$ cat work21.csv   # CSV, C-alpha atoms
chain,number,residue,atom,x,y,z
Q,1,MET,CA,-10.2,-4.2,152.1
Q,2,THR,CA,-13.3,-3.1,150.2
Q,3,ASP,CA,-11.4,-0.2,148.5
Q,4,TYR,CA,-9.6,-2.8,146.3
Q,5,ARG,CA,-11.2,-3.4,142.9
Q,6,MET,CA,-10.3,-6.1,140.3
Q,7,ASP,CA,-8.6,-4.8,137.2
Q,8,ARG,CA,-11.2,-3.8,134.6
Q,9,THR,CA,-9.4,-5.7,131.9
Q,10,LEU,CA,-10.6,-9.0,133.4
Q,11,THR,CA,-12.3,-11.3,130.8
Q,12,LEU,CA,-13.2,-15.0,130.7
Q,13,GLY,CA,-11.3,-17.7,129.1
Q,14,PRO,CA,-12.4,-21.3,128.6
Q,15,VAL,CA,-13.9,-23.7,131.1
Q,16,THR,CA,-12.1,-27.0,131.6
Q,17,LEU,CA,-14.3,-30.0,132.0
Q,18,THR,CA,-13.8,-33.7,132.3
Q,19,VAL,CA,-15.8,-36.0,130.0
Q,20,ALA,CA,-16.3,-39.8,129.9
Q,21,ASP,CA,-15.8,-40.3,126.1
Q,22,LEU,CA,-13.8,-37.7,124.3
Q,23,ALA,CA,-14.7,-38.9,120.8
Q,24,ARG,CA,-18.4,-38.7,121.6
Q,25,SER,CA,-18.0,-35.2,123.0
Q,26,VAL,CA,-16.1,-34.0,120.0
Q,27,ARG,CA,-18.8,-35.3,117.7
Q,28,TYR,CA,-21.4,-33.5,119.7
Q,29,TYR,CA,-19.6,-30.1,120.0
Q,30,THR,CA,-18.6,-30.0,116.3
Q,31,GLN,CA,-21.6,-31.6,114.6
Q,32,VAL,CA,-24.5,-30.4,116.8
Q,33,ALA,CA,-23.4,-27.5,119.0
Q,34,GLY,CA,-21.5,-25.8,116.2
Q,35,PHE,CA,-18.1,-25.4,117.9
Q,36,ARG,CA,-14.9,-25.6,115.9
Q,37,LEU,CA,-12.2,-28.2,116.9
Q,38,LEU,CA,-9.1,-26.2,117.6
Q,39,ASP,CA,-6.8,-28.8,119.0
Q,40,ARG,CA,-7.0,-32.5,119.5
Q,41,GLN,CA,-4.8,-34.8,121.5
Q,42,PRO,CA,-5.3,-38.4,122.7
Q,43,GLN,CA,-7.2,-37.4,125.8
Q,44,ARG,CA,-7.8,-33.7,125.3
Q,45,ALA,CA,-9.7,-31.5,122.9
Q,46,GLN,CA,-10.1,-27.7,122.8
Q,47,LEU,CA,-13.1,-26.3,121.0
Q,48,GLY,CA,-14.5,-22.9,120.3
Q,49,VAL,CA,-14.4,-20.5,117.4
Q,50,GLU,CA,-11.5,-19.2,115.4
Q,51,GLY,CA,-9.0,-17.6,117.8
Q,52,GLN,CA,-11.1,-18.3,120.9
Q,53,VAL,CA,-11.1,-21.5,123.0
Q,54,LEU,CA,-14.4,-21.8,124.8
Q,55,VAL,CA,-14.2,-25.3,126.3
Q,56,ASP,CA,-11.2,-27.5,127.1
Q,57,LEU,CA,-12.2,-31.2,127.4
Q,58,HIS,CA,-10.2,-33.8,129.2
Q,59,GLU,CA,-11.2,-37.5,129.1
Q,60,VAL,CA,-11.7,-39.5,132.2
Q,61,ALA,CA,-12.7,-42.8,130.6
Q,62,GLY,CA,-16.0,-44.0,132.1
Q,63,ALA,CA,-16.5,-41.0,134.3
Q,64,VAL,CA,-20.0,-40.7,135.9
Q,65,ALA,CA,-22.0,-37.6,136.8
Q,66,PRO,CA,-21.2,-36.1,140.2
Q,67,PRO,CA,-23.9,-35.7,142.9
Q,68,PRO,CA,-26.3,-32.9,142.0
Q,69,SER,CA,-25.3,-31.1,145.2
Q,70,SER,CA,-21.6,-30.9,144.2
Q,71,PRO,CA,-20.1,-27.5,143.7
Q,72,GLY,CA,-18.9,-26.9,140.2
Q,73,LEU,CA,-20.5,-25.9,136.9
Q,74,SER,CA,-24.1,-24.9,136.6
Q,75,HIS,CA,-23.6,-23.8,133.0
Q,76,PHE,CA,-21.2,-22.0,130.7
Q,77,ALA,CA,-22.5,-19.4,128.4
Q,78,PRO,CA,-20.9,-18.5,125.0
Q,79,LEU,CA,-22.1,-15.0,124.0
Q,80,VAL,CA,-23.0,-14.8,120.3
Q,81,PRO,CA,-23.4,-11.6,118.2
Q,82,ALA,CA,-27.0,-12.0,117.1
Q,83,ARG,CA,-30.3,-13.5,118.1
Q,84,ALA,CA,-30.3,-15.5,114.9
Q,85,ASP,CA,-27.1,-17.3,116.2
Q,86,VAL,CA,-29.1,-18.5,119.2
Q,87,ALA,CA,-31.9,-19.7,116.8
Q,88,ARG,CA,-29.4,-21.6,114.6
Q,89,PHE,CA,-28.0,-23.3,117.7
Q,90,THR,CA,-31.5,-24.2,118.8
Q,91,GLN,CA,-32.4,-25.6,115.4
Q,92,ARG,CA,-29.3,-27.8,115.2
Q,93,HIS,CA,-30.3,-29.4,118.5
Q,94,LEU,CA,-33.8,-29.9,117.4
Q,95,ASP,CA,-32.6,-31.5,114.2
Q,96,ALA,CA,-30.5,-33.9,116.3
Q,97,GLY,CA,-33.6,-34.8,118.3
Q,98,LEU,CA,-32.3,-33.2,121.5
Q,99,ASP,CA,-34.1,-31.1,124.1
Q,100,VAL,CA,-33.8,-27.3,124.1
Q,101,ASP,CA,-34.9,-24.7,126.6
Q,102,PRO,CA,-35.1,-21.2,125.2
Q,103,ARG,CA,-35.2,-18.4,127.9
Q,104,ASP,CA,-35.7,-14.7,128.1
Q,105,HIS,CA,-33.7,-13.1,130.9
Q,106,VAL,CA,-34.6,-9.4,129.9
Q,107,VAL,CA,-30.9,-8.6,129.7
Q,108,SER,CA,-30.4,-11.5,127.3
Q,109,GLN,CA,-32.1,-14.3,125.4
Q,110,SER,CA,-30.7,-17.8,125.4
Q,111,CYS,CA,-31.1,-21.4,124.7
Q,112,TYR,CA,-30.0,-24.0,127.2
Q,113,VAL,CA,-28.9,-27.5,126.3
Q,114,THR,CA,-26.9,-30.3,127.9
Q,115,ASP,CA,-23.9,-32.1,126.3
Q,116,PRO,CA,-23.5,-35.9,126.4
Q,117,ASP,CA,-22.0,-35.7,129.9
Q,118,GLY,CA,-24.7,-33.5,131.4
Q,119,HIS,CA,-22.7,-30.3,131.3
Q,120,THR,CA,-25.1,-27.4,130.6
Q,121,ILE,CA,-24.4,-24.9,127.8
Q,122,GLU,CA,-26.3,-21.6,127.5
Q,123,VAL,CA,-25.8,-20.0,124.2
Q,124,THR,CA,-26.8,-16.4,124.8
Q,125,TRP,CA,-27.4,-13.1,123.0
Q,126,ALA,CA,-27.2,-9.8,124.9
Q,127,CYS,CA,-30.3,-7.7,124.5
Q,128,PRO,CA,-29.7,-3.9,123.8
Q,129,GLN,CA,-29.3,-2.1,127.1
Q,130,GLU,CA,-32.1,0.3,126.3
Q,131,ARG,CA,-34.5,-2.7,126.7
Q,132,TRP,CA,-33.2,-3.5,130.2
Q,133,GLN,CA,-35.2,-2.9,133.3
Q,134,TRP,CA,-33.7,-1.9,136.7
Q,135,THR,CA,-34.2,-2.7,140.3
Q,136,ASP,CA,-34.4,-0.3,143.2
Q,137,GLU,CA,-30.7,-1.0,143.8
Q,138,SER,CA,-29.9,0.2,140.2
Q,139,LEU,CA,-29.1,-3.3,139.1
Q,140,PRO,CA,-30.4,-5.0,135.9
Q,141,ILE,CA,-33.5,-7.0,136.5
Q,142,VAL,CA,-32.8,-10.7,135.7
Q,143,VAL,CA,-35.7,-13.1,135.2
Q,144,SER,CA,-36.2,-16.4,133.4
Q,145,THR,CA,-39.2,-16.9,131.3
Q,146,SER,CA,-39.8,-19.3,128.5
Q,147,ILE,CA,-39.5,-18.3,124.8
Q,148,ALA,CA,-41.7,-20.1,122.4
Q,149,VAL,CA,-39.4,-22.2,120.2
Q,150,GLN,CA,-41.1,-21.1,117.0
Q,151,ASP,CA,-40.8,-17.4,117.9
Q,152,LEU,CA,-37.0,-17.9,118.2
Q,153,LEU,CA,-36.8,-19.9,115.0
Q,154,ASP,CA,-38.7,-17.2,113.1
Q,155,GLU,CA,-35.9,-14.7,113.7
Q,156,PRO,CA,-34.6,-13.4,110.3
Q,157,GLY,CA,-31.6,-15.3,109.2
Q,158,ALA,CA,-32.2,-18.2,111.5
Q,159,SER,CA,-32.9,-20.7,108.7
Q,160,THR,CA,-29.4,-20.2,107.2
Q,161,PRO,CA,-27.2,-23.0,108.6
Q,162,ALA,CA,-24.0,-21.8,110.3
Q,163,PRO,CA,-21.8,-22.8,113.2
Q,164,LEU,CA,-21.1,-20.5,116.1
Q,165,PRO,CA,-19.7,-17.3,114.5
Q,166,ALA,CA,-16.1,-16.0,114.9
Q,167,GLY,CA,-17.3,-13.2,117.1
Q,168,THR,CA,-18.4,-15.6,119.8
Q,169,GLN,CA,-16.8,-15.1,123.2
Q,170,MET,CA,-17.4,-16.5,126.7
Q,171,GLY,CA,-20.2,-14.4,128.1
Q,172,HIS,CA,-20.4,-15.8,131.6
Q,173,VAL,CA,-20.0,-18.9,133.7
Q,174,GLN,CA,-22.5,-19.9,136.4
Q,175,LEU,CA,-21.1,-21.8,139.4
Q,176,LYS,CA,-22.8,-23.7,142.1
Q,177,ALA,CA,-22.2,-22.4,145.6
Q,178,THR,CA,-22.8,-24.5,148.8
Q,179,ASP,CA,-23.5,-21.8,151.4
Q,180,ALA,CA,-27.0,-20.7,152.2
Q,181,ALA,CA,-27.7,-17.1,151.2
Q,182,LEU,CA,-24.2,-16.9,149.8
Q,183,THR,CA,-22.9,-15.7,153.1
Q,184,ARG,CA,-19.3,-16.7,152.4
Q,185,THR,CA,-19.5,-16.5,148.6
Q,186,THR,CA,-20.5,-12.8,148.3
Q,187,PRO,CA,-17.7,-11.4,150.5
Q,188,PHE,CA,-15.2,-13.6,148.7
Q,189,TYR,CA,-16.0,-12.3,145.2
Q,190,ARG,CA,-17.0,-8.7,146.2
Q,191,ASP,CA,-14.6,-7.9,149.0
Q,192,LEU,CA,-11.6,-10.2,148.5
Q,193,LEU,CA,-11.5,-10.5,144.7
Q,194,GLY,CA,-12.8,-6.9,144.2
Q,195,LEU,CA,-15.6,-7.7,141.7
Q,196,GLU,CA,-18.7,-5.6,141.4
Q,197,ILE,CA,-22.2,-7.1,142.0
Q,198,TYR,CA,-24.2,-6.5,138.8
Q,199,ALA,CA,-27.1,-8.8,139.4
Q,200,ARG,CA,-29.0,-10.1,142.3
Q,201,LEU,CA,-32.1,-12.4,142.7
Q,202,GLY,CA,-33.2,-12.9,146.3
Q,203,ASP,CA,-30.3,-13.8,148.6
Q,204,GLY,CA,-29.1,-16.9,146.7
Q,205,PHE,CA,-28.0,-15.5,143.3
Q,206,ILE,CA,-25.5,-12.9,142.4
Q,207,GLY,CA,-23.7,-11.9,139.2
Q,208,VAL,CA,-20.3,-10.3,139.5
Q,209,GLY,CA,-18.1,-8.5,136.9
Q,210,VAL,CA,-15.8,-5.5,136.4
Q,211,SER,CA,-17.7,-3.1,134.0
Q,212,ASP,CA,-20.8,-2.2,132.1
Q,213,TYR,CA,-23.2,-4.1,134.4
Q,214,ARG,CA,-22.0,-7.3,132.7
Q,215,SER,CA,-21.8,-10.4,135.0
Q,216,LEU,CA,-18.8,-12.6,134.1
Q,217,LEU,CA,-19.4,-15.1,137.0
Q,218,VAL,CA,-22.8,-16.0,138.4
Q,219,LEU,CA,-23.1,-17.7,141.7
Q,220,THR,CA,-26.2,-19.6,142.9
Q,221,ASP,CA,-27.0,-21.7,146.0
Q,222,ARG,CA,-30.1,-23.3,144.6
Q,223,PHE,CA,-28.5,-26.7,144.1
Q,224,SER,CA,-27.0,-27.2,147.5
Q,225,PRO,CA,-27.6,-24.3,150.0
Q,226,HIS,CA,-26.6,-26.4,153.0
Q,227,GLY,CA,-23.3,-27.8,151.8
Q,228,GLY,CA,-22.6,-30.2,149.0
Q,229,THR,CA,-20.7,-33.4,148.3
Q,230,PRO,CA,-17.5,-32.6,146.3
Q,231,ALA,CA,-17.2,-34.1,142.8
Q,232,GLY,CA,-14.8,-37.1,142.8
Q,233,PRO,CA,-11.9,-37.6,140.4
Q,234,ASP,CA,-13.9,-40.2,138.5
Q,235,THR,CA,-16.8,-37.8,137.7
Q,236,THR,CA,-17.6,-35.5,134.8
Q,237,ARG,CA,-16.9,-32.1,136.4
Q,238,LEU,CA,-15.5,-28.6,136.2
Q,239,THR,CA,-11.7,-28.5,136.8
Q,240,CYS,CA,-11.0,-24.8,136.0
Q,241,VAL,CA,-12.5,-21.5,135.0
Q,242,ASP,CA,-10.0,-19.3,133.3
Q,243,MET,CA,-9.9,-15.6,134.1
Q,244,ARG,CA,-7.7,-13.4,131.9
Q,245,LEU,CA,-6.0,-10.2,132.7
Q,246,THR,CA,-3.7,-8.0,130.6
Q,247,ASP,CA,-1.5,-6.5,133.3
Q,248,PRO,CA,1.0,-8.7,135.2
Q,249,GLU,CA,0.8,-6.2,138.1
Q,250,ALA,CA,-2.9,-7.2,138.5
Q,251,ILE,CA,-1.9,-10.8,139.2
Q,252,GLU,CA,0.7,-9.6,141.7
Q,253,ALA,CA,-1.9,-7.4,143.4
Q,254,LEU,CA,-4.3,-10.3,143.6
Q,255,ALA,CA,-1.7,-12.6,145.0
Q,256,GLU,CA,-0.8,-10.0,147.7
Q,257,ARG,CA,-4.4,-9.7,148.6
Q,258,LEU,CA,-5.0,-13.4,148.9
Q,259,THR,CA,-1.9,-13.7,151.0
Q,260,ALA,CA,-3.0,-11.0,153.3
Q,261,ALA,CA,-6.3,-12.7,153.8
Q,262,ASP,CA,-4.6,-16.1,154.3
Q,263,HIS,CA,-6.7,-17.5,151.5
Q,264,PRO,CA,-5.0,-20.5,149.9
Q,265,HIS,CA,-3.6,-20.0,146.4
Q,266,GLN,CA,-0.7,-21.0,144.1
Q,267,ARG,CA,1.5,-19.0,141.9
Q,268,ALA,CA,3.3,-20.4,138.8
Q,269,GLY,CA,4.8,-17.6,136.7
Q,270,THR,CA,2.0,-15.4,135.3
Q,271,HIS,CA,-0.7,-17.8,136.6
Q,272,LEU,CA,-2.5,-17.8,139.9
Q,273,THR,CA,-4.9,-20.5,140.9
Q,274,THR,CA,-7.3,-20.5,143.9
Q,275,HIS,CA,-10.8,-21.8,144.9
Q,276,ASP,CA,-13.8,-20.0,146.1
Q,277,PRO,CA,-15.5,-20.9,149.5
Q,278,SER,CA,-17.4,-23.7,147.8
Q,279,GLY,CA,-14.3,-25.2,146.2
Q,280,ASN,CA,-14.9,-23.9,142.7
Q,281,PRO,CA,-11.5,-23.7,140.9
Q,282,LEU,CA,-10.4,-20.3,139.4
Q,283,ARG,CA,-7.2,-19.6,137.4
Q,284,PHE,CA,-6.1,-16.1,136.7
Q,285,SER,CA,-3.5,-15.5,134.0
Q,286,VAL,CA,-2.0,-12.8,131.9
Q,287,LEU,CA,-3.6,-12.8,128.5
Q,288,SER,CA,-0.4,-12.7,126.6
Q,289,ALA,CA,0.7,-15.8,128.5
Q,290,ALA,CA,-2.4,-17.7,127.5
Q,291,LYS,CA,-1.3,-19.0,124.1
Q,292,PRO,CA,-4.2,-19.7,121.6
Q,293,ALA,CA,-4.7,-23.3,120.6
Q,294,PRO,CA,-3.1,-24.3,117.3
Q,295,LYS,CA,-5.3,-24.9,114.4
Q,296,THR,CA,-6.1,-28.4,113.3
Q,297,ASP,CA,-7.6,-30.0,110.3
Q,298,ALA,CA,-8.9,-33.0,112.4

$ encode --input "work21.csv" --output "structure tokens"
Amino acid sequence: MTDYRMDRTLTLGPVTLTVADLARSVRYYTQVAGFRLLDRQPQRAQLGVEGQVLVDLHEVAGAVAPPPSSPGLSHFAPLVPARADVARFTQRHLDAGLDVDPRDHVVSQSCYVTDPDGHTIEVTWACPQERWQWTDESLPIVVSTSIAVQDLLDEPGASTPAPLPAGTQMGHVQLKATDAALTRTTPFYRDLLGLEIYARLGDGFIGVGVSDYRSLLVLTDRFSPHGGTPAGPDTTRLTCVDMRLTDPEAIEALAERLTAADHPHQRAGTHLTTHDPSGNPLRFSVLSAAKPAPKTDA
């Protein structure tokens, strides 16, 4: 089974989240976080940058936060082209009187914030690979140390106001796992889905991807290593992580693999949905079938 490898064209699409007050969320994402409103419906809004949906919000009026131990989103991480973009993102939140947490991960530099529903966003810039450090396993070293806010704001170009740039894409999504030491999570992503491990921190944190030592999904058990309470339908929660492929045969191969392993999944045309061992929802689709959101002047 371990000879199988996920198609190297795999990329990330948007995360789908529920929110308690859609109008409030749209104001935050457009006026503070610097996202562009791409599509707006009565109980749904898609936001991102031109040509790229990053987050798909669905209103569940009055929804409350799930238990901290629930599987689901730890954070989603839009990847911006320049360090100055992280600085501008940070400055917008400071101007709005909101908390920021700039971090150096060696492979990247980021700023963490939370949206009005408690969903964490990490806007991140990838450091040049020649600056990376490596473990004895030949994996990139990933740490988390504070960056002085002023050091970030002193980045050339940071004082020029601008939203997230058009080149922004989804860098990675970190999910909360509920099995201690990722004993079920690791074989699911590595052996069943055929992803490569590109980051490891202790036995409770891995990053997986398909190429260039870039982790697309990160799994951590630090929130609930001994099982968690699932998020209920009336909570603000993750309902889907979109995974994009370019070859329909890759979807077929994945379906055959999940079937052979007797792992539950559903097919609908060029889409396949499944859940990881913690219950985190994943949707694989062919890129050409994932139509971009229409533009809106709203």

$ closest_atom_pairs --input "work21.csv" --of "segment 33-120 of chain Q" --to "segment 198-215 of chain Q" --cutoff "12 Å" --atoms "all atoms listed in the file" --output "JSON lines"
{"residue": "Q:Ala77", "atom": "CA", "partner": "Q:Ser215", "partner_atom": "CA", "distance": 11.2}
{"residue": "Q:Leu79", "atom": "CA", "partner": "Q:Arg214", "partner_atom": "CA", "distance": 11.6}
{"residue": "Q:His105", "atom": "CA", "partner": "Q:Ala199", "partner_atom": "CA", "distance": 11.6}
{"residue": "Q:Val107", "atom": "CA", "partner": "Q:Arg214", "partner_atom": "CA", "distance": 9.5}
{"residue": "Q:Ser108", "atom": "CA", "partner": "Q:Arg214", "partner_atom": "CA", "distance": 10.8}

$ closest_residue --input "work21.csv" --among "Q:Glu130, Q:Gln150, Q:Pro71, Q:Arg257" --to "Thr178 of chain Q" --atoms "all atoms listed in the file"
Q:Pro71

$ residues_around --input "work21.csv" --residues "Gln52 of chain Q" --least-positions-apart "2" --cutoff "8 Å" --atoms "all atoms listed in the file" --output "PyMOL selection string"
chain Q and resi 48-50+54+168-169+292

$ write_last_selection --input "work21.csv" --atoms "C-alpha atoms" --output "PDB file, in the frame of the given file"
ATOM      1  CA  GLY Q  48     -14.500 -22.900 120.300  1.00  0.00           C
ATOM      2  CA  VAL Q  49     -14.400 -20.500 117.400  1.00  0.00           C
ATOM      3  CA  GLU Q  50     -11.500 -19.200 115.400  1.00  0.00           C
ATOM      4  CA  LEU Q  54     -14.400 -21.800 124.800  1.00  0.00           C
ATOM      5  CA  THR Q 168     -18.400 -15.600 119.800  1.00  0.00           C
ATOM      6  CA  GLN Q 169     -16.800 -15.100 123.200  1.00  0.00           C
ATOM      7  CA  PRO Q 292      -4.200 -19.700 121.600  1.00  0.00           C
TER       8      PRO Q 292
END

$ residues_around --input "work21.csv" --residues "Val86 of chain Q" --least-positions-apart "3" --cutoff "10 Å" --atoms "all atoms listed in the file" --output "PyMOL selection string"
chain Q and resi 79-83+89-91+102+109-112+122-125+152-153+155+158+164

$ closest_residue --input "work21.csv" --among "Q:Ala148, Q:Val173, Q:Ala61, Q:Val106" --to "Ala87 of chain Q" --atoms "all atoms listed in the file"
Q:Ala148

$ closest_residue --input "work21.csv" --among "Q:Pro67, Q:Gly72, Q:Pro116, Q:Gly167" --to "Asp21 of chain Q" --atoms "all atoms listed in the file"
Q:Pro116

$ decode --input "work21.csv" --residues "segment 140-166 of chain Q" --atoms "N, CA and C atoms" --output "PDB file, in the first residue's frame"
ATOM      1  N   PRO Q 140      12.668  19.801   6.979  1.00  0.00           N
ATOM      2  CA  PRO Q 140      12.858  21.180   7.422  1.00  0.00           C
ATOM      3  C   PRO Q 140      12.575  21.323   8.917  1.00  0.00           C
ATOM      4  N   ILE Q 141      13.405  22.053   9.605  1.00  0.00           N
ATOM      5  CA  ILE Q 141      13.150  22.371  11.011  1.00  0.00           C
ATOM      6  C   ILE Q 141      12.030  23.398  11.077  1.00  0.00           C
ATOM      7  N   VAL Q 142      11.043  23.123  11.901  1.00  0.00           N
ATOM      8  CA  VAL Q 142       9.916  24.029  12.093  1.00  0.00           C
ATOM      9  C   VAL Q 142       9.843  24.378  13.571  1.00  0.00           C
ATOM     10  N   VAL Q 143       9.966  25.649  13.885  1.00  0.00           N
ATOM     11  CA  VAL Q 143       9.871  26.120  15.263  1.00  0.00           C
ATOM     12  C   VAL Q 143       8.838  27.246  15.301  1.00  0.00           C
ATOM     13  N   SER Q 144       8.623  27.802  16.455  1.00  0.00           N
ATOM     14  CA  SER Q 144       7.702  28.922  16.581  1.00  0.00           C
ATOM     15  C   SER Q 144       8.235  29.880  17.629  1.00  0.00           C
ATOM     16  N   THR Q 145       8.868  30.953  17.155  1.00  0.00           N
ATOM     17  CA  THR Q 145       9.389  31.969  18.063  1.00  0.00           C
ATOM     18  C   THR Q 145       8.766  33.322  17.712  1.00  0.00           C
ATOM     19  N   SER Q 146       8.645  34.160  18.700  1.00  0.00           N
ATOM     20  CA  SER Q 146       8.001  35.453  18.498  1.00  0.00           C
ATOM     21  C   SER Q 146       8.845  36.370  17.618  1.00  0.00           C
ATOM     22  N   ILE Q 147       8.175  37.169  16.819  1.00  0.00           N
ATOM     23  CA  ILE Q 147       8.802  38.260  16.079  1.00  0.00           C
ATOM     24  C   ILE Q 147       8.346  39.566  16.721  1.00  0.00           C
ATOM     25  N   ALA Q 148       9.259  40.461  16.987  1.00  0.00           N
ATOM     26  CA  ALA Q 148       8.880  41.766  17.506  1.00  0.00           C
ATOM     27  C   ALA Q 148       7.997  42.471  16.480  1.00  0.00           C
ATOM     28  N   VAL Q 149       6.867  42.973  16.931  1.00  0.00           N
ATOM     29  CA  VAL Q 149       5.925  43.600  16.004  1.00  0.00           C
ATOM     30  C   VAL Q 149       6.592  44.719  15.222  1.00  0.00           C
ATOM     31  N   GLN Q 150       7.376  45.543  15.892  1.00  0.00           N
ATOM     32  CA  GLN Q 150       7.992  46.667  15.198  1.00  0.00           C
ATOM     33  C   GLN Q 150       8.988  46.209  14.149  1.00  0.00           C
ATOM     34  N   ASP Q 151       9.696  45.107  14.425  1.00  0.00           N
ATOM     35  CA  ASP Q 151      10.613  44.556  13.424  1.00  0.00           C
ATOM     36  C   ASP Q 151       9.868  44.205  12.150  1.00  0.00           C
ATOM     37  N   LEU Q 152       8.679  43.637  12.311  1.00  0.00           N
ATOM     38  CA  LEU Q 152       7.872  43.285  11.138  1.00  0.00           C
ATOM     39  C   LEU Q 152       7.370  44.541  10.433  1.00  0.00           C
ATOM     40  N   LEU Q 153       6.918  45.509  11.208  1.00  0.00           N
ATOM     41  CA  LEU Q 153       6.367  46.723  10.614  1.00  0.00           C
ATOM     42  C   LEU Q 153       7.435  47.582   9.950  1.00  0.00           C
ATOM     43  N   ASP Q 154       8.708  47.365  10.294  1.00  0.00           N
ATOM     44  CA  ASP Q 154       9.813  48.104   9.665  1.00  0.00           C
ATOM     45  C   ASP Q 154      10.199  47.534   8.303  1.00  0.00           C
ATOM     46  N   GLU Q 155       9.553  46.448   7.879  1.00  0.00           N
ATOM     47  CA  GLU Q 155       9.855  45.863   6.573  1.00  0.00           C
ATOM     48  C   GLU Q 155       9.595  46.885   5.467  1.00  0.00           C
ATOM     49  N   PRO Q 156      10.546  47.078   4.546  1.00  0.00           N
ATOM     50  CA  PRO Q 156      10.330  48.044   3.464  1.00  0.00           C
ATOM     51  C   PRO Q 156       9.031  47.776   2.713  1.00  0.00           C
ATOM     52  N   GLY Q 157       8.262  48.813   2.516  1.00  0.00           N
ATOM     53  CA  GLY Q 157       6.984  48.711   1.820  1.00  0.00           C
ATOM     54  C   GLY Q 157       5.804  48.434   2.724  1.00  0.00           C
ATOM     55  N   ALA Q 158       6.077  48.151   3.995  1.00  0.00           N
ATOM     56  CA  ALA Q 158       4.992  47.774   4.898  1.00  0.00           C
ATOM     57  C   ALA Q 158       4.041  48.925   5.192  1.00  0.00           C
ATOM     58  N   SER Q 159       4.513  50.139   5.066  1.00  0.00           N
ATOM     59  CA  SER Q 159       3.669  51.287   5.417  1.00  0.00           C
ATOM     60  C   SER Q 159       2.708  51.666   4.297  1.00  0.00           C
ATOM     61  N   THR Q 160       2.831  51.037   3.132  1.00  0.00           N
ATOM     62  CA  THR Q 160       1.932  51.326   2.017  1.00  0.00           C
ATOM     63  C   THR Q 160       0.673  50.485   2.150  1.00  0.00           C
ATOM     64  N   PRO Q 161      -0.482  51.101   2.394  1.00  0.00           N
ATOM     65  CA  PRO Q 161      -1.706  50.307   2.603  1.00  0.00           C
ATOM     66  C   PRO Q 161      -2.055  49.512   1.354  1.00  0.00           C
ATOM     67  N   ALA Q 162      -2.442  48.253   1.562  1.00  0.00           N
ATOM     68  CA  ALA Q 162      -2.854  47.400   0.445  1.00  0.00           C
ATOM     69  C   ALA Q 162      -3.544  46.168   1.006  1.00  0.00           C
ATOM     70  N   PRO Q 163      -4.546  45.638   0.304  1.00  0.00           N
ATOM     71  CA  PRO Q 163      -5.173  44.379   0.722  1.00  0.00           C
ATOM     72  C   PRO Q 163      -4.266  43.205   0.395  1.00  0.00           C
ATOM     73  N   LEU Q 164      -4.739  41.988   0.636  1.00  0.00           N
ATOM     74  CA  LEU Q 164      -3.967  40.821   0.230  1.00  0.00           C
ATOM     75  C   LEU Q 164      -3.763  40.875  -1.282  1.00  0.00           C
ATOM     76  N   PRO Q 165      -2.547  40.633  -1.766  1.00  0.00           N
ATOM     77  CA  PRO Q 165      -2.268  40.781  -3.195  1.00  0.00           C
ATOM     78  C   PRO Q 165      -2.848  39.637  -4.009  1.00  0.00           C
ATOM     79  N   ALA Q 166      -2.947  39.870  -5.316  1.00  0.00           N
ATOM     80  CA  ALA Q 166      -3.545  38.888  -6.222  1.00  0.00           C
ATOM     81  C   ALA Q 166      -2.788  37.571  -6.229  1.00  0.00           C
TER      82      ALA Q 166
END
